[in-house]
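**Student:** I have a structure here, written as structure tokens, and I will follow up with some questions on it.
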Amino acid sequence: MALSRRAFLACLGAGAGAALGGLFRSAGGLRREPPLLRPPGALDEPDFLAACTRCGQCVEVCPFDTLKLAGPGQGVAAGTPFFNPEEVPCELCEGYDDLKCITICPTGALQPVKQRADIRIGTAVVNEETCFAFNGVSCRSCWHKCPFTDRGAITFDDLLRPVISEEACVGCGICTLACPTEPTSIPVRPRSWPDVLRRGDASTES
Amino acid sequence: MARGPRRFHRWKWLRRSTAVLFLVLLVLGARDDFHWFRGSTTGTRLFEVIPLSDPLAALEITLSSRTLHWTMLTGAAILVGACLLLGPVFCGWVCPLGLLLDVNDGIRRRLRRLFAPRKAGKKAERGPRVPRATRYGILGLVLGFSLVAGVPAFQIISPINLVSWSAVFFAAQSPSAVASSTESHDSTAETLTVVSPTDESQASGVAQPAEAPPLRRAWNRVVLGAQAIRHAAGPLLWLLLALIVLEYFLPRLWCRALCPLGALYSTLGRFALLRVRINPQQRGKARCEHCAYDCPMGIEVMRDYTLAGKPAIDDLECTRCGECIDTCPRGVLQLGFRDKFPPAEGCPTCGADAAGTQASSASVGDKPHNPLHVIQSPPAETPREPHAP
């Protein structure tokens, strides 16, 4: 009798939860702007938000203290790992056998990658208004630090201005930190939420 | 004060110790030189091998991602197995929020005794009851939401997570790291300068001049940690504080009426073997009701179990916290997998055979001999004054 009341309430709650969840989803509750930079191997943002248990083990194992845990102040992203390359970029576990965060993740939120060059955290974007090389000052800081120059992640055009290859850039943000301008002239654009990003592009171009 | 002598509450301190130990291990596990206890309450990894997963988190993630994540499910299976055997012991013995609210409720009871001395009996400390079935509704709500919205609803708003994240992660993160990557760079600089104006290493988060006295430095660290937590937790922190205040008027509101994790553990632990057992000699006899006044989950131990002649407390909500055992002045209750009460003695007054069979078969209205005969002194100590019925 008491159990049936509990079961009834649970079913009632499930129905109400499903309805609320539908409302939440259709109202775009999963969107978060600006999007966060996720660890290597992360699923696309909506799938990542669904699969991450918010346990923070990736944050703890990160050997470079790159990853931080988002707080409940970040809405649906609460408890998920992210990083800010202007403080600590993702060093791609340089000097280690594996990518620590991917290895420890208890769910499929962080998927294994075959090699480091396959990682797609995002793409670096040069802000042409503040970049030294675009403004007549010779600077190759980003190229110097980039771990994928051999694959042509950063090359230079005729006027020695940096050009990012979308195919080769993994979005680690090492160039972001290396950039001498304040704030950085080469931020990383996260991979997910493409339409949100396109809007971001438009605002930087105008 | 109409209370017996102050006795050492063994189970209370045991269970508080395990909860503190768990939290301390989690905090230590975040350090690189102690990597045997990674993670937080939703998922932990012991010795870098054994996964443990909060069953509710695992259920939510499975529903929201619609995928089976085997490591997580293994971890959940371990804890579900433990719960099938031990019951919802997580609530009383491990949960960091449970620890916080337990201490909070202890303070409430003390204040009650201090400021309302006339009504200061145990009965008055109990406070109003809250409906306990609502948390099953919330459990359903959380699961339905997770399935449709595609996001583990409870994990995002859980105050349990908030407490463990704050202790393990936020207190150590610099406020700027906690905020999003794009905002709040200037506000970081501000906060850090407020704490220690002479600081130069703002990015490190350890903002303290080298020559400051150790006490001052420790204080700075605490202030920084608190700021980081406030920054990270956002509005959820105020909700948690509101809950803590609210529990002074509705005792154990969260654990009794709201927590979906407790509801899941209670459901799983329905047939658990570990139980609070009732001395066969004392079944079916009315006593002081201290057990009911002190029960964190509001179980009527006296009325529904001892007096009803049941061998053990089989209430779904019983978290095996041992509070009733601690408070019982007559040693009626025991926590265990089976009865280990001393063998029954004959009734000292009328000589009736007070073996378990007779006592347990006795119903309230039809007593084999006057139950007042069997008010035995507990083995170690006698209550100084008998309690008014």
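Identifiers in the structure tokens: chain A, B, ... in order shown; residue index from 1 per chain; ligand index from 1 in order shown.
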Compute the set of chain B residues within 6 Å of chain A, using only C-alpha atoms, and express it as a PyMOL selection string.
**Tutor:** chain B and resi 30+38-40+42-43+61+64-65+69+71-72+133+136-138+140-141+144-145+148-151+156+181+232-234
**Student:** Can you spit out the residues from that selection as a PDB file, in the first residue's frame, using N, CA and C atoms?
**Tutor:**
ATOM      1  N   ALA B  30      42.470  14.145  -5.143  1.00  0.00           N
ATOM      2  CA  ALA B  30      42.652  15.126  -6.206  1.00  0.00           C
ATOM      3  C   ALA B  30      44.115  15.519  -6.356  1.00  0.00           C
ATOM      4  N   ARG B  38      40.445   8.692  -6.888  1.00  0.00           N
ATOM      5  CA  ARG B  38      40.099   9.734  -7.846  1.00  0.00           C
ATOM      6  C   ARG B  38      38.593   9.958  -7.886  1.00  0.00           C
ATOM      7  N   GLY B  39      38.197  11.164  -8.249  1.00  0.00           N
ATOM      8  CA  GLY B  39      36.801  11.408  -8.557  1.00  0.00           C
ATOM      9  C   GLY B  39      36.032  12.101  -7.448  1.00  0.00           C
ATOM     10  N   SER B  40      34.722  12.066  -7.569  1.00  0.00           N
ATOM     11  CA  SER B  40      33.851  12.692  -6.577  1.00  0.00           C
ATOM     12  C   SER B  40      32.686  11.752  -6.316  1.00  0.00           C
ATOM     13  N   THR B  42      29.818  11.291  -7.707  1.00  0.00           N
ATOM     14  CA  THR B  42      29.109  10.637  -8.809  1.00  0.00           C
ATOM     15  C   THR B  42      29.921   9.506  -9.404  1.00  0.00           C
ATOM     16  N   GLY B  43      31.224   9.559  -9.273  1.00  0.00           N
ATOM     17  CA  GLY B  43      32.060   8.494  -9.810  1.00  0.00           C
ATOM     18  C   GLY B  43      33.422   8.564  -9.161  1.00  0.00           C
ATOM     19  N   ILE B  61      22.690   8.792 -16.723  1.00  0.00           N
ATOM     20  CA  ILE B  61      23.567   8.876 -17.892  1.00  0.00           C
ATOM     21  C   ILE B  61      23.135   7.856 -18.941  1.00  0.00           C
ATOM     22  N   SER B  64      20.056   9.388 -20.484  1.00  0.00           N
ATOM     23  CA  SER B  64      20.248  10.617 -21.250  1.00  0.00           C
ATOM     24  C   SER B  64      21.102  10.384 -22.488  1.00  0.00           C
ATOM     25  N   SER B  65      22.123   9.507 -22.380  1.00  0.00           N
ATOM     26  CA  SER B  65      22.964   9.277 -23.557  1.00  0.00           C
ATOM     27  C   SER B  65      22.463   8.093 -24.372  1.00  0.00           C
ATOM     28  N   HIS B  69      27.465   2.441 -20.960  1.00  0.00           N
ATOM     29  CA  HIS B  69      28.884   2.710 -20.707  1.00  0.00           C
ATOM     30  C   HIS B  69      29.348   1.687 -19.682  1.00  0.00           C
ATOM     31  N   THR B  71      32.159   0.689 -18.111  1.00  0.00           N
ATOM     32  CA  THR B  71      32.936   0.988 -16.897  1.00  0.00           C
ATOM     33  C   THR B  71      32.032   1.577 -15.829  1.00  0.00           C
ATOM     34  N   MET B  72      31.212   2.533 -16.257  1.00  0.00           N
ATOM     35  CA  MET B  72      30.308   3.174 -15.311  1.00  0.00           C
ATOM     36  C   MET B  72      29.311   2.165 -14.746  1.00  0.00           C
ATOM     37  N   ALA B 133       7.049  10.267   0.949  1.00  0.00           N
ATOM     38  CA  ALA B 133       6.894   9.619  -0.358  1.00  0.00           C
ATOM     39  C   ALA B 133       7.276  10.544  -1.505  1.00  0.00           C
ATOM     40  N   TYR B 136      10.205   9.870  -3.914  1.00  0.00           N
ATOM     41  CA  TYR B 136      10.066   8.901  -5.007  1.00  0.00           C
ATOM     42  C   TYR B 136       9.507   9.581  -6.247  1.00  0.00           C
ATOM     43  N   GLY B 137       8.632  10.557  -6.012  1.00  0.00           N
ATOM     44  CA  GLY B 137       8.150  11.357  -7.135  1.00  0.00           C
ATOM     45  C   GLY B 137       9.281  12.130  -7.781  1.00  0.00           C
ATOM     46  N   ILE B 138      10.161  12.674  -6.928  1.00  0.00           N
ATOM     47  CA  ILE B 138      11.295  13.431  -7.463  1.00  0.00           C
ATOM     48  C   ILE B 138      12.236  12.513  -8.226  1.00  0.00           C
ATOM     49  N   GLY B 140      11.354   9.892  -9.943  1.00  0.00           N
ATOM     50  CA  GLY B 140      10.742   9.711 -11.250  1.00  0.00           C
ATOM     51  C   GLY B 140      10.929  10.942 -12.122  1.00  0.00           C
ATOM     52  N   LEU B 141      10.732  12.096 -11.519  1.00  0.00           N
ATOM     53  CA  LEU B 141      10.891  13.368 -12.235  1.00  0.00           C
ATOM     54  C   LEU B 141      12.271  13.468 -12.857  1.00  0.00           C
ATOM     55  N   GLY B 144      12.688  10.884 -15.747  1.00  0.00           N
ATOM     56  CA  GLY B 144      11.940  11.276 -16.940  1.00  0.00           C
ATOM     57  C   GLY B 144      12.606  12.445 -17.640  1.00  0.00           C
ATOM     58  N   PHE B 145      13.025  13.418 -16.850  1.00  0.00           N
ATOM     59  CA  PHE B 145      13.687  14.600 -17.408  1.00  0.00           C
ATOM     60  C   PHE B 145      14.974  14.203 -18.120  1.00  0.00           C
ATOM     61  N   VAL B 148      14.313  12.548 -21.575  1.00  0.00           N
ATOM     62  CA  VAL B 148      13.804  13.383 -22.672  1.00  0.00           C
ATOM     63  C   VAL B 148      14.744  14.540 -22.981  1.00  0.00           C
ATOM     64  N   ALA B 149      15.265  15.187 -21.921  1.00  0.00           N
ATOM     65  CA  ALA B 149      16.099  16.357 -22.167  1.00  0.00           C
ATOM     66  C   ALA B 149      17.513  15.977 -22.596  1.00  0.00           C
ATOM     67  N   GLY B 150      17.909  14.736 -22.349  1.00  0.00           N
ATOM     68  CA  GLY B 150      19.241  14.325 -22.764  1.00  0.00           C
ATOM     69  C   GLY B 150      20.339  14.931 -21.926  1.00  0.00           C
ATOM     70  N   VAL B 151      20.066  15.101 -20.645  1.00  0.00           N
ATOM     71  CA  VAL B 151      21.079  15.659 -19.754  1.00  0.00           C
ATOM     72  C   VAL B 151      20.778  15.122 -18.353  1.00  0.00           C
ATOM     73  N   ILE B 156      23.285  17.790 -12.189  1.00  0.00           N
ATOM     74  CA  ILE B 156      23.593  19.198 -12.399  1.00  0.00           C
ATOM     75  C   ILE B 156      23.191  20.034 -11.191  1.00  0.00           C
ATOM     76  N   SER B 181      35.705  30.656 -19.793  1.00  0.00           N
ATOM     77  CA  SER B 181      36.995  31.071 -20.333  1.00  0.00           C
ATOM     78  C   SER B 181      36.978  32.518 -20.792  1.00  0.00           C
ATOM     79  N   ALA B 232      31.975  29.457  -8.323  1.00  0.00           N
ATOM     80  CA  ALA B 232      31.650  28.276  -9.134  1.00  0.00           C
ATOM     81  C   ALA B 232      30.206  27.848  -8.933  1.00  0.00           C
ATOM     82  N   ALA B 233      29.739  27.945  -7.698  1.00  0.00           N
ATOM     83  CA  ALA B 233      28.431  27.358  -7.396  1.00  0.00           C
ATOM     84  C   ALA B 233      27.288  28.221  -7.874  1.00  0.00           C
ATOM     85  N   GLY B 234      27.511  29.525  -7.948  1.00  0.00           N
ATOM     86  CA  GLY B 234      26.455  30.401  -8.417  1.00  0.00           C
ATOM     87  C   GLY B 234      25.217  30.299  -7.552  1.00  0.00           C
TER      88      GLY B 234
END
**Student:** Could you please write out, as a ChimeraX atom specification, every residue of stretch 32-159 of chain A that DSSP assigns to strand (DSSP E)?
**Tutor:** /A:68-69,81-82,122-124,154-156
**Student:** Please produce a file of the residues just selected, as a short mmCIF file (atom, residue, chain, number, x, y, z; two decimals), in the first residue's frame, where the atoms kept are C-alpha atoms.
**Tutor:**
data_model
loop_
_atom_site.label_atom_id
_atom_site.label_comp_id
_atom_site.auth_asym_id
_atom_site.auth_seq_id
_atom_site.Cartn_x
_atom_site.Cartn_y
_atom_site.Cartn_z
CA LYS A 68 38.97 22.54 -14.66
CA LEU A 69 35.54 21.57 -13.40
CA PRO A 81 35.52 19.44 -17.59
CA PHE A 82 36.69 22.38 -19.67
CA GLY A 122 38.40 23.13 -31.95
CA THR A 123 40.27 25.38 -34.35
CA ALA A 124 42.51 28.31 -33.66
CA ILE A 154 50.20 27.11 -38.88
CA THR A 155 51.83 28.38 -42.09
CA PHE A 156 52.66 31.86 -43.35
#
